[in-house]
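Raw contents of data-v8.pdb, PDB, C-alpha atoms, pLDDT in the B column:
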```pdb
ATOM      1  CA  MET A   1     143.126  93.209 -94.957  1.00 40.00           C
ATOM      2  CA  SER A   2     140.669  90.541 -95.922  1.00 45.00           C
ATOM      3  CA  ARG A   3     141.761  86.961 -95.414  1.00 42.00           C
ATOM      4  CA  GLN A   4     140.479  84.837 -98.258  1.00 46.00           C
ATOM      5  CA  ARG A   5     140.275  81.250 -97.119  1.00 43.00           C
ATOM      6  CA  ALA A   6     140.513  78.010 -98.980  1.00 43.00           C
ATOM      7  CA  SER A   7     137.972  75.633 -97.550  1.00 41.00           C
ATOM      8  CA  PHE A   8     134.442  75.788 -98.919  1.00 43.00           C
ATOM      9  CA  SER A   9     133.491  72.123 -98.838  1.00 43.00           C
ATOM     10  CA  SER A  10     130.723  73.014 -96.378  1.00 56.00           C
ATOM     11  CA  SER A  11     129.572  76.196 -98.149  1.00 72.00           C
ATOM     12  CA  SER A  12     125.855  76.884 -98.297  1.00 88.00           C
ATOM     13  CA  GLU A  13     123.824  79.264-100.439  1.00 90.00           C
ATOM     14  CA  LEU A  14     122.424  82.378 -98.792  1.00 88.00           C
ATOM     15  CA  ALA A  15     118.985  83.022-100.231  1.00 79.00           C
ATOM     16  CA  LEU A  16     118.388  86.484-101.664  1.00 76.00           C
ATOM     17  CA  GLY A  17     116.280  88.335 -99.149  1.00 77.00           C
ATOM     18  CA  SER A  18     117.419  86.182 -96.232  1.00 84.00           C
ATOM     19  CA  PRO A  19     118.398  87.740 -92.885  1.00 87.00           C
ATOM     20  CA  GLU A  20     121.780  86.015 -93.134  1.00 88.00           C
ATOM     21  CA  LEU A  21     122.586  87.671 -96.439  1.00 92.00           C
ATOM     22  CA  ALA A  22     121.325  91.028 -95.152  1.00 93.00           C
ATOM     23  CA  LYS A  23     123.871  90.886 -92.306  1.00 92.00           C
ATOM     24  CA  ILE A  24     126.684  90.202 -94.753  1.00 94.00           C
ATOM     25  CA  LEU A  25     125.764  92.785 -97.372  1.00 95.00           C
ATOM     26  CA  THR A  26     125.285  95.607 -94.841  1.00 95.00           C
ATOM     27  CA  TYR A  27     127.874  94.615 -92.219  1.00 95.00           C
ATOM     28  CA  PRO A  28     128.237  95.950 -89.565  1.00 95.00           C
ATOM     29  CA  ARG A  29     125.355  98.444 -89.668  1.00 89.00           C
ATOM     30  CA  GLY A  30     122.254  96.675 -90.911  1.00 83.00           C
ATOM     31  CA  ASP A  31     119.884  98.863 -92.894  1.00 86.00           C
ATOM     32  CA  ASP A  32     116.868  97.728 -94.933  1.00 91.00           C
ATOM     33  CA  LYS A  33     117.170 100.527 -97.490  1.00 93.00           C
ATOM     34  CA  GLU A  34     120.882  99.909 -97.975  1.00 95.00           C
ATOM     35  CA  TYR A  35     120.245  96.170 -98.262  1.00 94.00           C
ATOM     36  CA  ALA A  36     117.659  96.686-101.013  1.00 95.00           C
ATOM     37  CA  ALA A  37     120.033  98.968-102.914  1.00 96.00           C
ATOM     38  CA  ARG A  38     122.909  96.514-102.620  1.00 96.00           C
ATOM     39  CA  LEU A  39     120.755  93.595-103.761  1.00 95.00           C
ATOM     40  CA  LEU A  40     119.943  95.551-106.910  1.00 95.00           C
ATOM     41  CA  GLU A  41     123.630  96.379-107.339  1.00 96.00           C
ATOM     42  CA  LEU A  42     124.491  92.672-107.151  1.00 95.00           C
ATOM     43  CA  LYS A  43     121.864  91.785-109.724  1.00 94.00           C
ATOM     44  CA  CYS A  44     123.259  94.424-112.075  1.00 95.00           C
ATOM     45  CA  LEU A  45     126.653  92.713-111.764  1.00 96.00           C
ATOM     46  CA  GLY A  46     125.070  89.414-112.766  1.00 94.00           C
ATOM     47  CA  VAL A  47     125.433  87.766-109.356  1.00 95.00           C
ATOM     48  CA  THR A  48     122.947  84.893-109.102  1.00 92.00           C
ATOM     49  CA  ALA A  49     124.021  83.309-105.808  1.00 92.00           C
ATOM     50  CA  VAL A  50     126.060  84.127-102.699  1.00 94.00           C
ATOM     51  CA  PHE A  51     127.516  81.414-100.471  1.00 94.00           C
ATOM     52  CA  ALA A  52     128.487  81.226 -96.826  1.00 91.00           C
ATOM     53  CA  GLY A  53     131.683  79.365 -96.038  1.00 90.00           C
ATOM     54  CA  GLY A  54     135.052  79.954 -94.429  1.00 87.00           C
ATOM     55  CA  ARG A  55     136.578  80.271 -90.991  1.00 84.00           C
ATOM     56  CA  THR A  56     135.469  83.791 -90.093  1.00 89.00           C
ATOM     57  CA  VAL A  57     131.997  84.072 -88.558  1.00 91.00           C
ATOM     58  CA  ILE A  58     129.814  87.172 -88.878  1.00 88.00           C
ATOM     59  CA  GLY A  59     126.595  87.089 -86.882  1.00 84.00           C
ATOM     60  CA  GLY A  60     126.477  83.328 -87.078  1.00 88.00           C
ATOM     61  CA  THR A  61     127.290  83.190 -90.800  1.00 90.00           C
ATOM     62  CA  SER A  62     130.740  82.098 -92.009  1.00 91.00           C
ATOM     63  CA  VAL A  63     132.619  84.102 -94.643  1.00 93.00           C
ATOM     64  CA  ALA A  64     135.891  83.709 -96.513  1.00 91.00           C
ATOM     65  CA  GLY A  65     137.449  86.848 -95.119  1.00 89.00           C
ATOM     66  CA  LYS A  66     136.959  89.982 -93.067  1.00 91.00           C
ATOM     67  CA  GLY A  67     139.010  93.147 -93.123  1.00 90.00           C
ATOM     68  CA  CYS A  68     138.794  96.835 -92.307  1.00 91.00           C
ATOM     69  CA  VAL A  69     137.288  97.621 -95.697  1.00 95.00           C
ATOM     70  CA  GLY A  70     135.227  94.596 -96.597  1.00 95.00           C
ATOM     71  CA  LEU A  71     134.055  91.023 -96.312  1.00 96.00           C
ATOM     72  CA  VAL A  72     134.803  88.305 -98.854  1.00 96.00           C
ATOM     73  CA  VAL A  73     132.386  85.539 -99.813  1.00 95.00           C
ATOM     74  CA  LYS A  74     131.958  83.146-102.702  1.00 95.00           C
ATOM     75  CA  ALA A  75     129.453  84.043-105.406  1.00 95.00           C
ATOM     76  CA  LYS A  76     128.127  82.786-108.723  1.00 94.00           C
ATOM     77  CA  VAL A  77     128.264  85.151-111.695  1.00 94.00           C
ATOM     78  CA  HIS A  78     126.915  83.889-115.014  1.00 89.00           C
ATOM     79  CA  GLY A  79     127.631  80.355-113.831  1.00 88.00           C
ATOM     80  CA  LYS A  80     131.210  81.125-112.775  1.00 93.00           C
ATOM     81  CA  THR A  81     132.477  80.923-109.190  1.00 94.00           C
ATOM     82  CA  CYS A  82     134.071  84.182-108.058  1.00 96.00           C
ATOM     83  CA  ALA A  83     135.253  85.927-104.927  1.00 96.00           C
ATOM     84  CA  LEU A  84     132.895  88.769-104.010  1.00 97.00           C
ATOM     85  CA  LYS A  85     134.329  91.559-101.877  1.00 98.00           C
ATOM     86  CA  ILE A  86     131.655  93.606-100.112  1.00 97.00           C
ATOM     87  CA  ARG A  87     132.423  97.116 -98.889  1.00 97.00           C
ATOM     88  CA  ARG A  88     131.623  97.431 -95.201  1.00 97.00           C
ATOM     89  CA  THR A  89     129.111 100.131 -94.319  1.00 96.00           C
ATOM     90  CA  ASP A  90     131.683 101.606 -91.908  1.00 96.00           C
ATOM     91  CA  ALA A  91     134.614 101.432 -94.329  1.00 96.00           C
ATOM     92  CA  ASN A  92     137.036 104.349 -94.469  1.00 94.00           C
ATOM     93  CA  ARG A  93     136.223 104.930 -98.147  1.00 96.00           C
ATOM     94  CA  PRO A  94     132.981 105.731 -99.991  1.00 96.00           C
ATOM     95  CA  THR A  95     133.443 103.243-102.845  1.00 97.00           C
ATOM     96  CA  MET A  96     135.638 100.356-103.997  1.00 97.00           C
ATOM     97  CA  HIS A  97     136.981 102.320-106.959  1.00 97.00           C
ATOM     98  CA  ASP A  98     140.505 102.995-105.642  1.00 97.00           C
ATOM     99  CA  GLU A  99     141.029  99.349-104.739  1.00 98.00           C
ATOM    100  CA  VAL A 100     139.739  98.351-108.172  1.00 98.00           C
ATOM    101  CA  ARG A 101     142.341 100.643-109.746  1.00 98.00           C
ATOM    102  CA  TYR A 102     145.164  99.172-107.684  1.00 98.00           C
ATOM    103  CA  HIS A 103     143.957  95.632-108.340  1.00 98.00           C
ATOM    104  CA  SER A 104     143.902  96.388-112.064  1.00 98.00           C
ATOM    105  CA  ILE A 105     147.507  97.627-111.925  1.00 98.00           C
ATOM    106  CA  ALA A 106     148.484  94.385-110.169  1.00 98.00           C
ATOM    107  CA  ASN A 107     146.669  92.338-112.801  1.00 98.00           C
ATOM    108  CA  GLY A 108     148.510  94.292-115.490  1.00 98.00           C
ATOM    109  CA  ALA A 109     151.753  93.136-113.872  1.00 98.00           C
ATOM    110  CA  GLY A 110     150.527  89.537-113.880  1.00 97.00           C
ATOM    111  CA  VAL A 111     149.751  89.517-110.155  1.00 98.00           C
ATOM    112  CA  GLY A 112     146.579  88.783-108.202  1.00 97.00           C
ATOM    113  CA  PRO A 113     143.304  87.027-109.000  1.00 97.00           C
ATOM    114  CA  GLY A 114     141.799  88.416-112.184  1.00 97.00           C
ATOM    115  CA  LEU A 115     139.318  91.246-111.734  1.00 98.00           C
ATOM    116  CA  VAL A 116     135.945  90.204-113.156  1.00 97.00           C
ATOM    117  CA  ASP A 117     133.698  93.226-112.514  1.00 97.00           C
ATOM    118  CA  HIS A 118     132.996  95.922-109.944  1.00 98.00           C
ATOM    119  CA  SER A 119     130.547  98.539-108.726  1.00 98.00           C
ATOM    120  CA  ASP A 120     130.504 101.138-105.956  1.00 98.00           C
ATOM    121  CA  ASN A 121     130.192  98.576-103.161  1.00 98.00           C
ATOM    122  CA  PHE A 122     131.439  95.331-104.704  1.00 98.00           C
ATOM    123  CA  MET A 123     134.420  93.730-106.400  1.00 98.00           C
ATOM    124  CA  LEU A 124     134.209  90.432-108.261  1.00 98.00           C
ATOM    125  CA  MET A 125     137.449  88.518-108.739  1.00 98.00           C
ATOM    126  CA  GLU A 126     138.635  85.073-109.635  1.00 96.00           C
ATOM    127  CA  PHE A 127     138.543  82.950-106.491  1.00 93.00           C
ATOM    128  CA  ALA A 128     142.041  81.994-105.320  1.00 92.00           C
ATOM    129  CA  GLU A 129     141.678  78.370-104.286  1.00 90.00           C
ATOM    130  CA  GLY A 130     144.222  77.042-101.839  1.00 91.00           C
ATOM    131  CA  ALA A 131     145.625  77.448 -98.358  1.00 93.00           C
ATOM    132  CA  THR A 132     147.116  80.527 -96.771  1.00 94.00           C
ATOM    133  CA  ILE A 133     150.880  80.372 -97.063  1.00 96.00           C
ATOM    134  CA  VAL A 134     151.304  79.827 -93.328  1.00 95.00           C
ATOM    135  CA  GLU A 135     148.935  76.837 -93.412  1.00 94.00           C
ATOM    136  CA  TRP A 136     150.807  75.480 -96.404  1.00 95.00           C
ATOM    137  CA  ALA A 137     154.274  76.063 -94.897  1.00 94.00           C
ATOM    138  CA  GLN A 138     153.327  74.338 -91.658  1.00 91.00           C
ATOM    139  CA  SER A 139     151.961  71.226 -93.370  1.00 89.00           C
ATOM    140  CA  GLU A 140     154.081  68.095 -93.186  1.00 80.00           C
ATOM    141  CA  THR A 141     153.808  67.156 -96.844  1.00 87.00           C
ATOM    142  CA  ILE A 142     155.945  69.764 -98.628  1.00 91.00           C
ATOM    143  CA  ASP A 143     159.544  69.182 -99.643  1.00 93.00           C
ATOM    144  CA  ALA A 144     162.416  71.500-100.541  1.00 95.00           C
ATOM    145  CA  ARG A 145     161.563  71.513-104.255  1.00 95.00           C
ATOM    146  CA  GLN A 146     157.980  72.569-103.597  1.00 95.00           C
ATOM    147  CA  ALA A 147     159.017  75.139-101.011  1.00 96.00           C
ATOM    148  CA  SER A 148     161.556  76.659-103.384  1.00 96.00           C
ATOM    149  CA  ALA A 149     159.019  76.897-106.211  1.00 96.00           C
ATOM    150  CA  VAL A 150     156.389  78.596-104.029  1.00 97.00           C
ATOM    151  CA  VAL A 151     158.804  81.105-102.491  1.00 97.00           C
ATOM    152  CA  ARG A 152     160.289  81.946-105.888  1.00 97.00           C
ATOM    153  CA  SER A 153     156.817  82.457-107.381  1.00 97.00           C
ATOM    154  CA  ALA A 154     155.741  84.696-104.498  1.00 98.00           C
ATOM    155  CA  LEU A 155     158.914  86.780-104.707  1.00 98.00           C
ATOM    156  CA  GLU A 156     158.710  87.076-108.513  1.00 98.00           C
ATOM    157  CA  GLN A 157     155.209  88.482-108.131  1.00 98.00           C
ATOM    158  CA  CYS A 158     156.444  90.930-105.526  1.00 98.00           C
ATOM    159  CA  TYR A 159     159.219  91.996-107.893  1.00 98.00           C
ATOM    160  CA  ALA A 160     156.631  92.526-110.645  1.00 98.00           C
ATOM    161  CA  LEU A 161     154.679  94.797-108.278  1.00 98.00           C
ATOM    162  CA  ASP A 162     157.858  96.706-107.455  1.00 98.00           C
ATOM    163  CA  ARG A 163     158.522  97.204-111.168  1.00 98.00           C
ATOM    164  CA  ALA A 164     154.921  98.347-111.694  1.00 98.00           C
ATOM    165  CA  GLY A 165     155.294 100.983-108.959  1.00 98.00           C
ATOM    166  CA  LEU A 166     152.503  99.524-106.815  1.00 98.00           C
ATOM    167  CA  ASP A 167     153.208  98.986-103.134  1.00 98.00           C
ATOM    168  CA  HIS A 168     150.895  96.325-101.675  1.00 98.00           C
ATOM    169  CA  GLY A 169     151.290  97.708 -98.170  1.00 96.00           C
ATOM    170  CA  GLU A 170     150.607  94.533 -96.208  1.00 96.00           C
ATOM    171  CA  LEU A 171     153.211  92.009 -97.363  1.00 97.00           C
ATOM    172  CA  SER A 172     155.040  92.055 -94.068  1.00 93.00           C
ATOM    173  CA  HIS A 173     152.112  89.769 -93.149  1.00 90.00           C
ATOM    174  CA  VAL A 174     152.364  87.228 -95.967  1.00 93.00           C
ATOM    175  CA  ASP A 175     150.339  84.723 -93.971  1.00 90.00           C
ATOM    176  CA  ARG A 176     147.268  86.866 -94.678  1.00 87.00           C
ATOM    177  CA  HIS A 177     147.986  87.834 -98.250  1.00 95.00           C
ATOM    178  CA  ILE A 178     149.446  84.888-100.147  1.00 97.00           C
ATOM    179  CA  ILE A 179     147.384  81.839-101.130  1.00 96.00           C
ATOM    180  CA  VAL A 180     149.073  78.623-102.255  1.00 96.00           C
ATOM    181  CA  GLY A 181     146.984  76.421-104.536  1.00 93.00           C
ATOM    182  CA  ASP A 182     147.666  73.311-106.554  1.00 87.00           C
ATOM    183  CA  ALA A 183     148.079  75.311-109.747  1.00 80.00           C
ATOM    184  CA  LYS A 184     149.438  78.693-108.660  1.00 92.00           C
ATOM    185  CA  VAL A 185     150.537  81.055-105.926  1.00 97.00           C
ATOM    186  CA  ALA A 186     148.357  84.160-105.588  1.00 97.00           C
ATOM    187  CA  VAL A 187     149.022  87.495-103.915  1.00 97.00           C
ATOM    188  CA  ILE A 188     145.652  88.850-102.785  1.00 96.00           C
ATOM    189  CA  ASP A 189     143.981  91.889-101.217  1.00 95.00           C
ATOM    190  CA  PHE A 190     145.091  95.288-102.513  1.00 97.00           C
ATOM    191  CA  GLU A 191     142.929  97.409-100.221  1.00 95.00           C
ATOM    192  CA  SER A 192     145.996  99.021 -98.594  1.00 95.00           C
ATOM    193  CA  ALA A 193     147.937  99.412-101.849  1.00 98.00           C
ATOM    194  CA  SER A 194     149.365 102.696-103.109  1.00 98.00           C
ATOM    195  CA  THR A 195     151.227 104.131-106.070  1.00 98.00           C
ATOM    196  CA  GLU A 196     152.399 107.064-103.948  1.00 97.00           C
ATOM    197  CA  ARG A 197     154.669 105.198-101.486  1.00 95.00           C
ATOM    198  CA  LYS A 198     158.104 103.839-102.278  1.00 96.00           C
ATOM    199  CA  VAL A 199     157.588 100.223-103.267  1.00 98.00           C
ATOM    200  CA  ALA A 200     158.731  97.650-100.724  1.00 98.00           C
ATOM    201  CA  ASN A 201     157.011  94.445-101.830  1.00 98.00           C
ATOM    202  CA  VAL A 202     160.097  92.250-102.185  1.00 98.00           C
ATOM    203  CA  SER A 203     161.651  93.704 -99.034  1.00 98.00           C
ATOM    204  CA  ALA A 204     158.524  93.162 -96.930  1.00 98.00           C
ATOM    205  CA  ALA A 205     157.658  89.716 -98.256  1.00 98.00           C
ATOM    206  CA  GLY A 206     161.280  88.583 -98.205  1.00 98.00           C
ATOM    207  CA  GLN A 207     161.523  89.458 -94.528  1.00 97.00           C
ATOM    208  CA  SER A 208     158.371  87.492 -93.758  1.00 97.00           C
ATOM    209  CA  LEU A 209     159.307  84.503 -95.947  1.00 97.00           C
ATOM    210  CA  LEU A 210     162.994  84.198 -95.106  1.00 97.00           C
ATOM    211  CA  VAL A 211     163.852  86.047 -91.901  1.00 97.00           C
ATOM    212  CA  SER A 212     161.189  86.218 -89.186  1.00 95.00           C
ATOM    213  CA  GLY A 213     157.658  85.096 -88.413  1.00 94.00           C
ATOM    214  CA  ALA A 214     155.699  81.860 -88.588  1.00 95.00           C
ATOM    215  CA  VAL A 215     156.179  81.327 -92.340  1.00 96.00           C
ATOM    216  CA  ALA A 216     159.925  82.000 -92.242  1.00 96.00           C
ATOM    217  CA  GLY A 217     160.282  79.698 -89.247  1.00 95.00           C
ATOM    218  CA  ALA A 218     158.507  76.840 -91.013  1.00 94.00           C
ATOM    219  CA  LEU A 219     160.374  77.342 -94.295  1.00 95.00           C
ATOM    220  CA  ALA A 220     163.763  77.559 -92.554  1.00 93.00           C
ATOM    221  CA  LYS A 221     163.387  73.908 -91.562  1.00 92.00           C
ATOM    222  CA  ILE A 222     162.896  72.950 -95.205  1.00 94.00           C
ATOM    223  CA  LEU A 223     165.051  75.370 -97.205  1.00 95.00           C
ATOM    224  CA  HIS A 224     167.839  75.896 -94.635  1.00 94.00           C
ATOM    225  CA  VAL A 225     168.290  79.546 -95.569  1.00 94.00           C
ATOM    226  CA  GLU A 226     170.776  81.326 -93.327  1.00 94.00           C
ATOM    227  CA  LYS A 227     169.026  84.273 -91.685  1.00 95.00           C
ATOM    228  CA  GLU A 228     172.044  86.570 -91.830  1.00 96.00           C
ATOM    229  CA  ALA A 229     172.531  85.843 -95.525  1.00 96.00           C
ATOM    230  CA  ALA A 230     168.875  86.642 -96.176  1.00 97.00           C
ATOM    231  CA  ILE A 231     169.099  89.904 -94.235  1.00 98.00           C
ATOM    232  CA  GLY A 232     172.171  90.894 -96.247  1.00 98.00           C
ATOM    233  CA  VAL A 233     170.684  90.358 -99.708  1.00 98.00           C
ATOM    234  CA  LEU A 234     167.379  91.955 -98.714  1.00 98.00           C
ATOM    235  CA  LYS A 235     169.200  95.066 -97.477  1.00 98.00           C
ATOM    236  CA  ARG A 236     171.153  95.244-100.722  1.00 98.00           C
ATOM    237  CA  TYR A 237     167.955  94.997-102.766  1.00 98.00           C
ATOM    238  CA  LYS A 238     166.247  97.625-100.604  1.00 97.00           C
ATOM    239  CA  ARG A 239     169.067 100.068-101.389  1.00 97.00           C
ATOM    240  CA  ASP A 240     169.081  99.291-105.110  1.00 97.00           C
ATOM    241  CA  GLN A 241     166.116  97.429-106.610  1.00 98.00           C
ATOM    242  CA  THR A 242     167.930  95.928-109.599  1.00 98.00           C
ATOM    243  CA  ARG A 243     167.256  92.539-111.183  1.00 98.00           C
ATOM    244  CA  GLU A 244     170.772  91.492-110.201  1.00 98.00           C
ATOM    245  CA  ASN A 245     170.095  92.176-106.523  1.00 98.00           C
ATOM    246  CA  PHE A 246     166.712  90.468-106.779  1.00 98.00           C
ATOM    247  CA  ASP A 247     168.318  87.380-108.338  1.00 98.00           C
ATOM    248  CA  ALA A 248     170.637  87.203-105.329  1.00 98.00           C
ATOM    249  CA  ILE A 249     167.549  86.770-103.138  1.00 98.00           C
ATOM    250  CA  LEU A 250     166.191  84.018-105.379  1.00 97.00           C
ATOM    251  CA  ALA A 251     169.566  82.257-105.259  1.00 97.00           C
ATOM    252  CA  LEU A 252     169.068  81.647-101.538  1.00 96.00           C
ATOM    253  CA  VAL A 253     166.079  79.385-102.198  1.00 95.00           C
ATOM    254  CA  SER A 254     167.231  77.695-105.434  1.00 88.00           C
TER     255      SER A 254
END
```
As structure tokens, the full file:
Amino acid sequence: MSRQRASFSSSSELALGSPELAKILTYPRGDDKEYAARLLELKCLGVTAVFAGGRTVIGGTSVAGKGCVGLVVKAKVHGKTCALKIRRTDANRPTMHDEVRYHSIANGAGVGPGLVDHSDNFMLMEFAEGATIVEWAQSETIDARQASAVVRSALEQCYALDRAGLDHGELSHVDRHIIVGDAKVAVIDFESASTERKVANVSAAGQSLLVSGAVAGALAKILHVEKEAAIGVLKRYKRDQTRENFDAILALVS
């Protein structure tokens, strides 16, 4: 579950061929042959620059996110800033192709940063600018109108995933997987997604947004949602995933 972070004001370019970039591209098992192959793979994708920046540090170099499958950094592709996800050399999968497929399904449902390109070891996506939802919820500048709009947007995207038959798999931890920007709310990171499980996106995210956890605790002070009421409508939706039952969840934050 890669945590894509917002702040890149202090980002710096990692020169192609540099030891710092080698550590990132072949994390955690450095290998000169693998590094050379991955550099060529990046060039074939049109990547012209890779940037350090973020709150996670790998061997002295900061990155936007780190998960069980990959690292996320900022990159330039044909002059456009993108998020670059790099498959770890010890990942539990040989390529990024399954995640690309799930990400494409999400995009088809109108969810997630747009997929730009991919290869065996890399995914290029639109970069989701903003703060993690827990950082946003705990700020002192949001009001009830803003909180309602963000929660509704996040839940609508979860409902779209439910309708598409794609279970994200990690939305019980919304603090790691929802980014709140000035322009939009983005659900990110589909590395644990599946079309084989029963979908539980609204149920999982609703629990984390409205019932328990750091985000729910912060939002409760702003939206004044009654926990028992939230539990009731979420249980009803879990039993029967109709639009009517989903609208009852949205009504709590309207």
For Asp175 of chain A: contacts at 7 Å, all atoms listed in the file, fewer than 4 positions along chain excluded, given as a VMD selection string: chain A and resid 132 to 134 215
Closest pair table for segment 107-165 of chain A residues within 12 Å of segment 183-186 of chain A, all atoms listed in the file, as JSON lines:
```
{"residue": "A:Asn107", "atom": "CA", "partner": "A:Ala186", "partner_atom": "CA", "distance": 11.0}
{"residue": "A:Gly110", "atom": "CA", "partner": "A:Ala186", "partner_atom": "CA", "distance": 10.1}
{"residue": "A:Val111", "atom": "CA", "partner": "A:Ala186", "partner_atom": "CA", "distance": 7.2}
{"residue": "A:Gly112", "atom": "CA", "partner": "A:Ala186", "partner_atom": "CA", "distance": 5.6}
{"residue": "A:Pro113", "atom": "CA", "partner": "A:Ala186", "partner_atom": "CA", "distance": 6.7}
{"residue": "A:Gly114", "atom": "CA", "partner": "A:Ala186", "partner_atom": "CA", "distance": 10.2}
{"residue": "A:Glu126", "atom": "CA", "partner": "A:Ala186", "partner_atom": "CA", "distance": 10.6}
{"residue": "A:Phe127", "atom": "CA", "partner": "A:Ala186", "partner_atom": "CA", "distance": 9.9}
{"residue": "A:Ala128", "atom": "CA", "partner": "A:Ala186", "partner_atom": "CA", "distance": 6.7}
{"residue": "A:Glu129", "atom": "CA", "partner": "A:Lys184", "partner_atom": "CA", "distance": 8.9}
{"residue": "A:Gly130", "atom": "CA", "partner": "A:Val185", "partner_atom": "CA", "distance": 8.5}
{"residue": "A:Ala131", "atom": "CA", "partner": "A:Val185", "partner_atom": "CA", "distance": 9.7}
{"residue": "A:Thr132", "atom": "CA", "partner": "A:Ala186", "partner_atom": "CA", "distance": 9.6}
{"residue": "A:Ile133", "atom": "CA", "partner": "A:Val185", "partner_atom": "CA", "distance": 8.9}
{"residue": "A:Trp136", "atom": "CA", "partner": "A:Val185", "partner_atom": "CA", "distance": 11.0}
{"residue": "A:Gln146", "atom": "CA", "partner": "A:Val185", "partner_atom": "CA", "distance": 11.5}
{"residue": "A:Ala147", "atom": "CA", "partner": "A:Val185", "partner_atom": "CA", "distance": 11.4}
{"residue": "A:Ala149", "atom": "CA", "partner": "A:Val185", "partner_atom": "CA", "distance": 9.5}
{"residue": "A:Val150", "atom": "CA", "partner": "A:Val185", "partner_atom": "CA", "distance": 6.6}
{"residue": "A:Val151", "atom": "CA", "partner": "A:Val185", "partner_atom": "CA", "distance": 9.0}
{"residue": "A:Arg152", "atom": "CA", "partner": "A:Val185", "partner_atom": "CA", "distance": 9.8}
{"residue": "A:Ser153", "atom": "CA", "partner": "A:Val185", "partner_atom": "CA", "distance": 6.6}
{"residue": "A:Ala154", "atom": "CA", "partner": "A:Val185", "partner_atom": "CA", "distance": 6.5}
{"residue": "A:Leu155", "atom": "CA", "partner": "A:Val185", "partner_atom": "CA", "distance": 10.2}
{"residue": "A:Glu156", "atom": "CA", "partner": "A:Val185", "partner_atom": "CA", "distance": 10.5}
{"residue": "A:Gln157", "atom": "CA", "partner": "A:Ala186", "partner_atom": "CA", "distance": 8.5}
{"residue": "A:Cys158", "atom": "CA", "partner": "A:Ala186", "partner_atom": "CA", "distance": 10.5}
```
List as CSV every residue of segment 11-35 of chain A that is in contact with segment 46-62 of chain A, defined as an atom at most 9 Å from one of its atoms (using only C-alpha atoms), together with the nearest atom pair and the distance in Å rounded to one decimal, sorted by chain and then rising number.
```
residue,atom,partner,partner_atom,distance
A:Ser11,CA,A:Gly53,CA,4.4
A:Ser12,CA,A:Ala52,CA,5.3
A:Glu13,CA,A:Phe51,CA,4.3
A:Leu14,CA,A:Phe51,CA,5.4
A:Ala15,CA,A:Ala49,CA,7.5
A:Leu16,CA,A:Ala49,CA,7.7
A:Glu20,CA,A:Thr61,CA,6.6
A:Leu21,CA,A:Val50,CA,8.0
A:Lys23,CA,A:Gly59,CA,7.2
A:Ile24,CA,A:Ile58,CA,7.3
A:Tyr27,CA,A:Ile58,CA,8.4
A:Pro28,CA,A:Ile58,CA,8.9
```
Generate the output file for the selected residues, C-alpha atoms, as a compact mmCIF listing (two decimals), keeping the file's coordinate frame.
```txt
# COMPACT_ATOMS: atom_id res chain seq x y z
CA SER A 11 129.57 76.20 -98.15
CA SER A 12 125.86 76.88 -98.30
CA GLU A 13 123.82 79.26 -100.44
CA LEU A 14 122.42 82.38 -98.79
CA ALA A 15 118.98 83.02 -100.23
CA LEU A 16 118.39 86.48 -101.66
CA GLU A 20 121.78 86.02 -93.13
CA LEU A 21 122.59 87.67 -96.44
CA LYS A 23 123.87 90.89 -92.31
CA ILE A 24 126.68 90.20 -94.75
CA TYR A 27 127.87 94.62 -92.22
CA PRO A 28 128.24 95.95 -89.56
```
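The closest residue to His118 of chain A, picked from A:Ile222, A:Leu171, A:Ala91, A:Val100 and counting only C-alpha atoms, is A:Val100.
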Residues returned when the PyMOL selection byres ((chain A and resi 101-106) around 10) runs on this file, as a ChimeraX atom specification: /A:96-100,107-115,123,125,157-158,160-161,164-168,187-195
Computed interatomic separation between atom CA of Ala137 of chain A and atom CA of Leu124 of chain A (Å): 28.1 Å
Option closest in space to Gly206 of chain A, from A:Thr89, A:Ser254, A:Ser172, A:Ser18 [counting all atoms listed in the file]: A:Ser172
Please produce segment 63-71 of chain A, completed to N, CA and C atoms, as a short mmCIF file (atom, residue, chain, number, x, y, z; two decimals), keeping the file's coordinate frame.
```
data_model
loop_
_atom_site.label_atom_id
_atom_site.label_comp_id
_atom_site.auth_asym_id
_atom_site.auth_seq_id
_atom_site.Cartn_x
_atom_site.Cartn_y
_atom_site.Cartn_z
N VAL A 63 132.18 83.43 -93.42
CA VAL A 63 132.62 84.10 -94.64
C VAL A 63 134.08 83.75 -94.90
N ALA A 64 134.52 84.04 -96.14
CA ALA A 64 135.89 83.71 -96.51
C ALA A 64 136.90 84.65 -95.89
N GLY A 65 136.50 85.89 -95.68
CA GLY A 65 137.45 86.85 -95.12
C GLY A 65 136.78 88.09 -94.59
N LYS A 66 137.46 88.74 -93.67
CA LYS A 66 136.96 89.98 -93.07
C LYS A 66 138.13 90.92 -92.85
N GLY A 67 137.97 92.16 -93.31
CA GLY A 67 139.01 93.15 -93.12
C GLY A 67 138.42 94.48 -92.73
N CYS A 68 139.26 95.50 -92.70
CA CYS A 68 138.79 96.84 -92.31
C CYS A 68 137.89 97.46 -93.36
N VAL A 69 138.06 97.05 -94.60
CA VAL A 69 137.29 97.62 -95.70
C VAL A 69 136.12 96.75 -96.09
N GLY A 70 136.30 95.43 -96.09
CA GLY A 70 135.23 94.60 -96.60
C GLY A 70 135.23 93.17 -96.12
N LEU A 71 134.19 92.45 -96.53
CA LEU A 71 134.06 91.02 -96.31
C LEU A 71 134.21 90.33 -97.66
#
```
